[in-house]
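Okay, structure first, notes after.
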Number of protein chains: 2
Amino acid sequence: MTGKYIPPAKKDGTAPEIYRYKLTVEFNGSGFHGWQYQENVPSIQGEIEKAIKAFCQSDVRIHCAGRTDAGVHGLAMTCHADLPKEIEAFKVREALNFHLKPHPIVILDCVKVDENFHARYSALKRYYRYHIVNRPSPLSLRKGQAWQVRRALDEKSMHDAAQVLVGLHDFTTFRSSRCQSDSPVKSIDEINIWREGDNIYIETSAMSFLHHQVRSMVGCLYLVGTGRWSKNDLKAALKAADRKELGYNAPPDGLYFVKADY
Amino acid sequence: MTGKYIPPAKKDGTAPEIYRYKLTVEFNGSGFHGWQYQENVPSIQGEIEKAIKAFCQSDVRIHCAGRTDAGVHGLAMTCHADLPKEIEAFKVREALNFHLKPHPIVILDCVKVDENFHARYSALKRYYRYHIVNRPSPLSLRKGQAWQVRRALDEKSMHDAAQVLVGLHDFTTFRSSRCQSDSPVKSIDEINIWREGDNIYIETSAMSFLHHQVRSMVGCLYLVGTGRWSKNDLKAALKAADRKELGYNAPPDGLYFVKADY
């Protein structure tokens, strides 16, 4: 994760061997089995790779800044693709959007980058947002795109408690058992929580996150918001560094990969 | 439209005859043939009336503040229903939301009102919002919930031109041929247009609007935003009071009935 990406050695000659494009992708993750390609089920990566194949007649593997779970959305996910030839960037965007048309996946932006750029390894910071709709009524316009919480949440106590998670910690409590990261130690740069009417937004950024980390943090902050957990309960759960101390894992619907910084 | 609603005469006795409930409804209009009940096709009114029937075993006709077209959405539409017996308002809300579950229609609020309240005739002011996503890429998360416009729009000139529509005018140019209003003369209280990133919002309020009036105004303001129409062209189209002078009718996807004041 922290290692620099080393591009394959160039052959002699002036023309570059790699025609690398950085794609910014917006997607509605409902109905997909997550970002990562899996056989026989729809995935964001799979649909983009199919669109590239339809456009370039090549099997191209794409790489992204952060693989999202089933049902999680993307506002400006970054990925890169090495295409078999040089094409004007806006034409790549237009062609991919044409082939992606049946799916709620769109290329917002496409730029040509050099071969040192890697969507995963070059990312310096990732941003996530979680959207809670705090009201008794179910969702209509935001169905599948937010977490409806009936019980009144105190967003101020959530924001205050969240600050115990900021900084360098062992996040074992907030880590999925399927997490493949080498270490459970991560550094959270910030967590901000605020309310706009019935909507509560939770934004967080870090160089990288563990699998399920944001959803697990949000789930425990929800317990704080209802008054069932105190700030100290959250601190104790963090210090325990034990998955069994996790209070709650929030559903994927409300989670958005916002963007990555490079 | 302007006449006061006269409730049917009461029979003698202390118990009121009418158990009237004011409902605030949020709905995603995609996939519905508009608010109004029509046989054999899905409508917002039809689904709410079916939910009332499932809950109360009665055929109840509901009345709303403003019937919306196919594909138009509601953020806080007001309607009222006369139920066959007195029921606690929150139970009405819960029961209707239970029966509406398969549909993107939810009751946000329910309060008991007296028989002088009429969702249509008592409304003093209606508010609409139109959402344009101004970017080259199609929509994913807001598919069916906004109008994607590729050409760069100048929202400042749109806002400036829109002010010619404010006030009392003959809006024949901006009126559907199917409009059933007695008069084409309406008074627009305000139109405000602003940008947030790629999003352009158009908000307008009036005591009442003609059929297609908001979409027709937005369509012409879009022409102003692209530079194809000037403020004077818009003024001339209004003065002409002729449907043939309409520049463009915006699609329903971006239109939201926001709320009604009473």
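Simple scheme: letters A, B, ... for chains in structure tokens order, numbers from 1 for residues in each chain, numbers from 1 for ligands in the order shown.
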
Review point. Near range 196-207 of chain A, within 7 Å and counting only C-alpha atoms, which residues show up once chain neighbours fewer than 5 positions away are dropped, as a ChimeraX atom specification?
Key: /A:124-135,187-191

Go ahead and save the residues from that selection, with C-alpha atoms, as a PDB file, in the first residue's frame.
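Final file, selection_15.pdb:
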```pdb
ATOM      1  CA  LEU A 124      -2.096  10.484  -0.867  1.00  0.00           C
ATOM      2  CA  LYS A 125      -5.482  10.801   0.778  1.00  0.00           C
ATOM      3  CA  ARG A 126      -8.983   9.312   0.497  1.00  0.00           C
ATOM      4  CA  TYR A 127     -12.245  11.004   1.448  1.00  0.00           C
ATOM      5  CA  TYR A 128     -15.481   9.251   2.413  1.00  0.00           C
ATOM      6  CA  ARG A 129     -18.906  10.646   3.241  1.00  0.00           C
ATOM      7  CA  TYR A 130     -21.733   8.905   5.054  1.00  0.00           C
ATOM      8  CA  HIS A 131     -25.317  10.138   4.704  1.00  0.00           C
ATOM      9  CA  ILE A 132     -27.909   9.434   7.413  1.00  0.00           C
ATOM     10  CA  VAL A 133     -31.534  10.512   6.984  1.00  0.00           C
ATOM     11  CA  ASN A 134     -32.774  10.933  10.549  1.00  0.00           C
ATOM     12  CA  ARG A 135     -36.561  10.702  10.420  1.00  0.00           C
ATOM     13  CA  SER A 187      -4.143   7.448  10.822  1.00  0.00           C
ATOM     14  CA  ILE A 188      -7.443   9.301  10.490  1.00  0.00           C
ATOM     15  CA  ASP A 189      -6.922  12.914   9.429  1.00  0.00           C
ATOM     16  CA  GLU A 190     -10.371  14.198  10.323  1.00  0.00           C
ATOM     17  CA  ILE A 191     -13.975  13.328  11.037  1.00  0.00           C
TER      18      ILE A 191
END
```

Review point. Could you pull the residues within 10 Å of Lys53 in chain A, counting only C-alpha atoms, minus those fewer than 5 positions along the same chain, as a PyMOL selection string?
Key: chain A and resi 47-48+58-60+83+96+99

Per-residue nearest contacts of chain B to chain A (10 Å; only C-alpha atoms) as JSON lines:
```
{"residue": "B:Val25", "atom": "CA", "partner": "A:Ser140", "partner_atom": "CA", "distance": 9.9}
{"residue": "B:Glu26", "atom": "CA", "partner": "A:Ser140", "partner_atom": "CA", "distance": 6.8}
{"residue": "B:Phe27", "atom": "CA", "partner": "A:Ser140", "partner_atom": "CA", "distance": 5.7}
{"residue": "B:Asn28", "atom": "CA", "partner": "A:Leu141", "partner_atom": "CA", "distance": 5.1}
{"residue": "B:Gly29", "atom": "CA", "partner": "A:Leu141", "partner_atom": "CA", "distance": 8.8}
{"residue": "B:Ser30", "atom": "CA", "partner": "A:Leu141", "partner_atom": "CA", "distance": 9.6}
{"residue": "B:His73", "atom": "CA", "partner": "A:Leu141", "partner_atom": "CA", "distance": 8.3}
{"residue": "B:Gly74", "atom": "CA", "partner": "A:Leu141", "partner_atom": "CA", "distance": 8.9}
{"residue": "B:Leu75", "atom": "CA", "partner": "A:Leu141", "partner_atom": "CA", "distance": 8.6}
{"residue": "B:Phe90", "atom": "CA", "partner": "A:Pro136", "partner_atom": "CA", "distance": 9.9}
{"residue": "B:Arg93", "atom": "CA", "partner": "A:Ser137", "partner_atom": "CA", "distance": 8.2}
{"residue": "B:Glu94", "atom": "CA", "partner": "A:Ser137", "partner_atom": "CA", "distance": 7.8}
{"residue": "B:Asn97", "atom": "CA", "partner": "A:Ser137", "partner_atom": "CA", "distance": 7.1}
{"residue": "B:Phe98", "atom": "CA", "partner": "A:Pro138", "partner_atom": "CA", "distance": 9.2}
{"residue": "B:Leu100", "atom": "CA", "partner": "A:Pro138", "partner_atom": "CA", "distance": 9.8}
{"residue": "B:Lys101", "atom": "CA", "partner": "A:Pro138", "partner_atom": "CA", "distance": 8.1}
{"residue": "B:His103", "atom": "CA", "partner": "A:Ser140", "partner_atom": "CA", "distance": 7.7}
{"residue": "B:Pro104", "atom": "CA", "partner": "A:Ser140", "partner_atom": "CA", "distance": 4.2}
{"residue": "B:Ile105", "atom": "CA", "partner": "A:Ser140", "partner_atom": "CA", "distance": 5.7}
{"residue": "B:Val106", "atom": "CA", "partner": "A:Ser140", "partner_atom": "CA", "distance": 6.4}
{"residue": "B:Ile107", "atom": "CA", "partner": "A:Ser137", "partner_atom": "CA", "distance": 6.6}
{"residue": "B:Leu108", "atom": "CA", "partner": "A:Ser137", "partner_atom": "CA", "distance": 5.6}
{"residue": "B:Asp109", "atom": "CA", "partner": "A:Ser137", "partner_atom": "CA", "distance": 8.2}
{"residue": "B:Arg135", "atom": "CA", "partner": "A:Leu108", "partner_atom": "CA", "distance": 8.3}
{"residue": "B:Pro136", "atom": "CA", "partner": "A:Leu108", "partner_atom": "CA", "distance": 7.8}
{"residue": "B:Ser137", "atom": "CA", "partner": "A:Leu108", "partner_atom": "CA", "distance": 5.7}
{"residue": "B:Pro138", "atom": "CA", "partner": "A:Val106", "partner_atom": "CA", "distance": 6.4}
{"residue": "B:Leu139", "atom": "CA", "partner": "A:Val106", "partner_atom": "CA", "distance": 7.0}
{"residue": "B:Ser140", "atom": "CA", "partner": "A:Pro104", "partner_atom": "CA", "distance": 4.2}
{"residue": "B:Leu141", "atom": "CA", "partner": "A:Asn28", "partner_atom": "CA", "distance": 5.1}
{"residue": "B:Arg142", "atom": "CA", "partner": "A:Asn28", "partner_atom": "CA", "distance": 8.8}
{"residue": "B:Lys143", "atom": "CA", "partner": "A:Pro104", "partner_atom": "CA", "distance": 7.5}
{"residue": "B:Gln145", "atom": "CA", "partner": "A:Leu141", "partner_atom": "CA", "distance": 8.2}
```

Review point. Could you pull out the helix (DSSP H, G or I) residues of range 7-159 of chain A from DSSP and send them as an MDAnalysis selection string?
Key: chainID A and resid 44:56 89:100 155:159

Exercise for review: Compile the contact shell of Glu155 in chain B as a PyMOL selection string: residues with an atom at most 7 Å away, counting only C-alpha atoms, same-chain residues fewer than 6 positions apart removed.
Suggested key: chain B and resi 193-195+225

Serialized selection, C-alpha atoms, as an mmCIF file, in the first residue's frame:
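Output file again_36.cif follows:
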```cif
data_model
loop_
_atom_site.group_PDB
_atom_site.id
_atom_site.type_symbol
_atom_site.label_atom_id
_atom_site.label_comp_id
_atom_site.auth_asym_id
_atom_site.auth_seq_id
_atom_site.Cartn_x
_atom_site.Cartn_y
_atom_site.Cartn_z
ATOM 1 C CA ILE B 193 -31.373 30.811 -9.816
ATOM 2 C CA TRP B 194 -27.971 29.828 -8.452
ATOM 3 C CA ARG B 195 -25.136 27.392 -9.058
ATOM 4 C CA GLY B 225 -28.256 30.373 -20.215
#
```

Practice item. Tell me, as a list in words, which residues lie within 12 Å of Val111 in chain B, counting only C-alpha atoms; anything in the same chain fewer than 5 positions away does not count. Key: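 The neighbour list is Tyr19, Arg20, Tyr21, Lys22, Leu23, Thr24, Thr78, Cys79, His80, Ala81, Asp82, Glu86, Ile87, Glu88, Ala89, Phe90, Lys91, Val92, Arg93 and Phe117 of chain B.
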
Could you list, as an mmCIF file with C-alpha atoms, in the first residue's frame, every residue within 8 Å of Val164 in chain A, counting only C-alpha atoms and ignoring same-chain residues fewer than 5 positions away?
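Printed below is selection-v4.cif as written:
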```cif
data_model
loop_
_atom_site.group_PDB
_atom_site.id
_atom_site.type_symbol
_atom_site.label_atom_id
_atom_site.label_comp_id
_atom_site.auth_asym_id
_atom_site.auth_seq_id
_atom_site.Cartn_x
_atom_site.Cartn_y
_atom_site.Cartn_z
ATOM 1 C CA LYS A 231 -17.613 9.135 24.196
ATOM 2 C CA LEU A 234 -16.216 4.650 21.984
ATOM 3 C CA LYS A 235 -12.715 5.254 23.373
#
```

Contact residues around Ala250 in chain B with only C-alpha atoms at 8 Å, ignoring same-chain residues under 4 positions, as a short mmCIF file (atom, residue, chain, number, x, y, z; two decimals) with N, CA and C atoms, in the first residue's frame:
```cif
data_model
loop_
_atom_site.label_atom_id
_atom_site.label_comp_id
_atom_site.auth_asym_id
_atom_site.auth_seq_id
_atom_site.Cartn_x
_atom_site.Cartn_y
_atom_site.Cartn_z
N TRP B 147 -32.13 17.36 -14.77
CA TRP B 147 -31.99 17.50 -16.22
C TRP B 147 -30.51 17.74 -16.51
N ARG B 215 -41.97 24.27 -16.11
CA ARG B 215 -41.10 23.63 -17.11
C ARG B 215 -40.91 24.53 -18.34
N SER B 216 -41.94 25.28 -18.71
CA SER B 216 -41.82 26.18 -19.87
C SER B 216 -40.93 27.37 -19.55
N VAL B 218 -38.52 27.33 -17.31
CA VAL B 218 -37.15 26.78 -17.21
C VAL B 218 -36.57 26.53 -18.60
N GLY B 219 -37.39 26.02 -19.51
CA GLY B 219 -36.93 25.76 -20.88
C GLY B 219 -36.43 27.03 -21.56
#
```

**Study point:** Contacts of Lys239 in chain B within 12 Å, only C-alpha atoms, excl. fewer than 4 positions in-chain, as number ranges by chain
**Key:** B: 164-165, 168-174, 185, 232-235, 243, 245-246

Keeping C-alpha atoms for every residue in the selection just given, could you write it to a file as a PDB file, in the first residue's frame?
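In the end it all went to again02.pdb:
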```pdb
ATOM      1  CA  VAL B 164     -38.928  39.742 -16.258  1.00  0.00           C
ATOM      2  CA  LEU B 165     -41.286  36.859 -15.397  1.00  0.00           C
ATOM      3  CA  LEU B 168     -48.546  39.653 -12.658  1.00  0.00           C
ATOM      4  CA  HIS B 169     -48.519  38.578 -16.328  1.00  0.00           C
ATOM      5  CA  ASP B 170     -50.502  36.748 -18.980  1.00  0.00           C
ATOM      6  CA  PHE B 171     -48.516  33.480 -19.120  1.00  0.00           C
ATOM      7  CA  THR B 172     -50.204  32.051 -22.244  1.00  0.00           C
ATOM      8  CA  THR B 173     -46.758  31.468 -23.823  1.00  0.00           C
ATOM      9  CA  PHE B 174     -45.789  29.274 -20.873  1.00  0.00           C
ATOM     10  CA  VAL B 185     -52.970  35.489 -15.795  1.00  0.00           C
ATOM     11  CA  ASN B 232     -35.281  40.821 -24.305  1.00  0.00           C
ATOM     12  CA  ASP B 233     -36.126  37.646 -26.239  1.00  0.00           C
ATOM     13  CA  LEU B 234     -37.636  36.247 -23.048  1.00  0.00           C
ATOM     14  CA  LYS B 235     -39.580  39.467 -22.472  1.00  0.00           C
ATOM     15  CA  ARG B 243     -47.808  29.352 -27.071  1.00  0.00           C
ATOM     16  CA  GLU B 245     -43.441  31.735 -28.973  1.00  0.00           C
ATOM     17  CA  LEU B 246     -42.369  29.156 -26.374  1.00  0.00           C
TER      18      LEU B 246
END
```

Practice item. Could you please write out, as a list in words, every residue of range 142-248 of chain B that DSSP assigns to strand (DSSP E)? Key: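 Across range 142-248 of chain B, those assigned strand (DSSP E) are Trp147, Gln148, Val149, Gly167, Leu168, His169, Asp170, Val185, Lys186, Ser187, Ile188, Asp189, Glu190, Ile191, Asn192, Ile193, Trp194, Arg195, Glu196, Asn199, Ile200, Tyr201, Ile202, Glu203, Thr204, Ser205 and Ala206 of chain B.
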
Output for the residues just chosen: C-alpha atoms as a short mmCIF file (atom, residue, chain, number, x, y, z; two decimals), in the first residue's frame:
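The resulting file, part_14.cif, is reproduced below:
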```cif
data_model
loop_
_atom_site.label_atom_id
_atom_site.label_comp_id
_atom_site.auth_asym_id
_atom_site.auth_seq_id
_atom_site.Cartn_x
_atom_site.Cartn_y
_atom_site.Cartn_z
CA TRP B 147 -31.99 17.50 -16.22
CA GLN B 148 -28.49 16.98 -17.59
CA VAL B 149 -27.47 19.90 -19.81
CA GLY B 167 -45.08 39.77 -11.08
CA LEU B 168 -48.55 39.65 -12.66
CA HIS B 169 -48.52 38.58 -16.33
CA ASP B 170 -50.50 36.75 -18.98
CA VAL B 185 -52.97 35.49 -15.80
CA LYS B 186 -50.81 34.50 -12.82
CA SER B 187 -48.56 36.30 -10.40
CA ILE B 188 -45.05 34.93 -9.85
CA ASP B 189 -43.69 35.93 -6.42
CA GLU B 190 -40.05 35.13 -7.10
CA ILE B 191 -37.58 33.23 -9.21
CA ASN B 192 -34.10 32.59 -7.88
CA ILE B 193 -31.37 30.81 -9.82
CA TRP B 194 -27.97 29.83 -8.45
CA ARG B 195 -25.14 27.39 -9.06
CA GLU B 196 -23.44 24.92 -6.68
CA ASN B 199 -25.67 21.91 -10.13
CA ILE B 200 -27.96 24.77 -11.10
CA TYR B 201 -31.11 25.29 -9.01
CA ILE B 202 -34.14 27.32 -10.07
CA GLU B 203 -36.68 28.09 -7.34
CA THR B 204 -39.97 29.83 -7.88
CA SER B 205 -43.09 30.52 -5.86
CA ALA B 206 -46.59 31.78 -6.64
#
```

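Taking CA of Arg150 in chain B and CA of Tyr222 in chain B as the two end points, the separation is 11.3 Å.
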
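The space between CA of Ser122 in chain B and CA of Glu17 in chain B spans 19.9 Å.
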
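The space separating CA of Tyr256 in chain B from CA of Ala162 in chain B comes to 18.3 Å.
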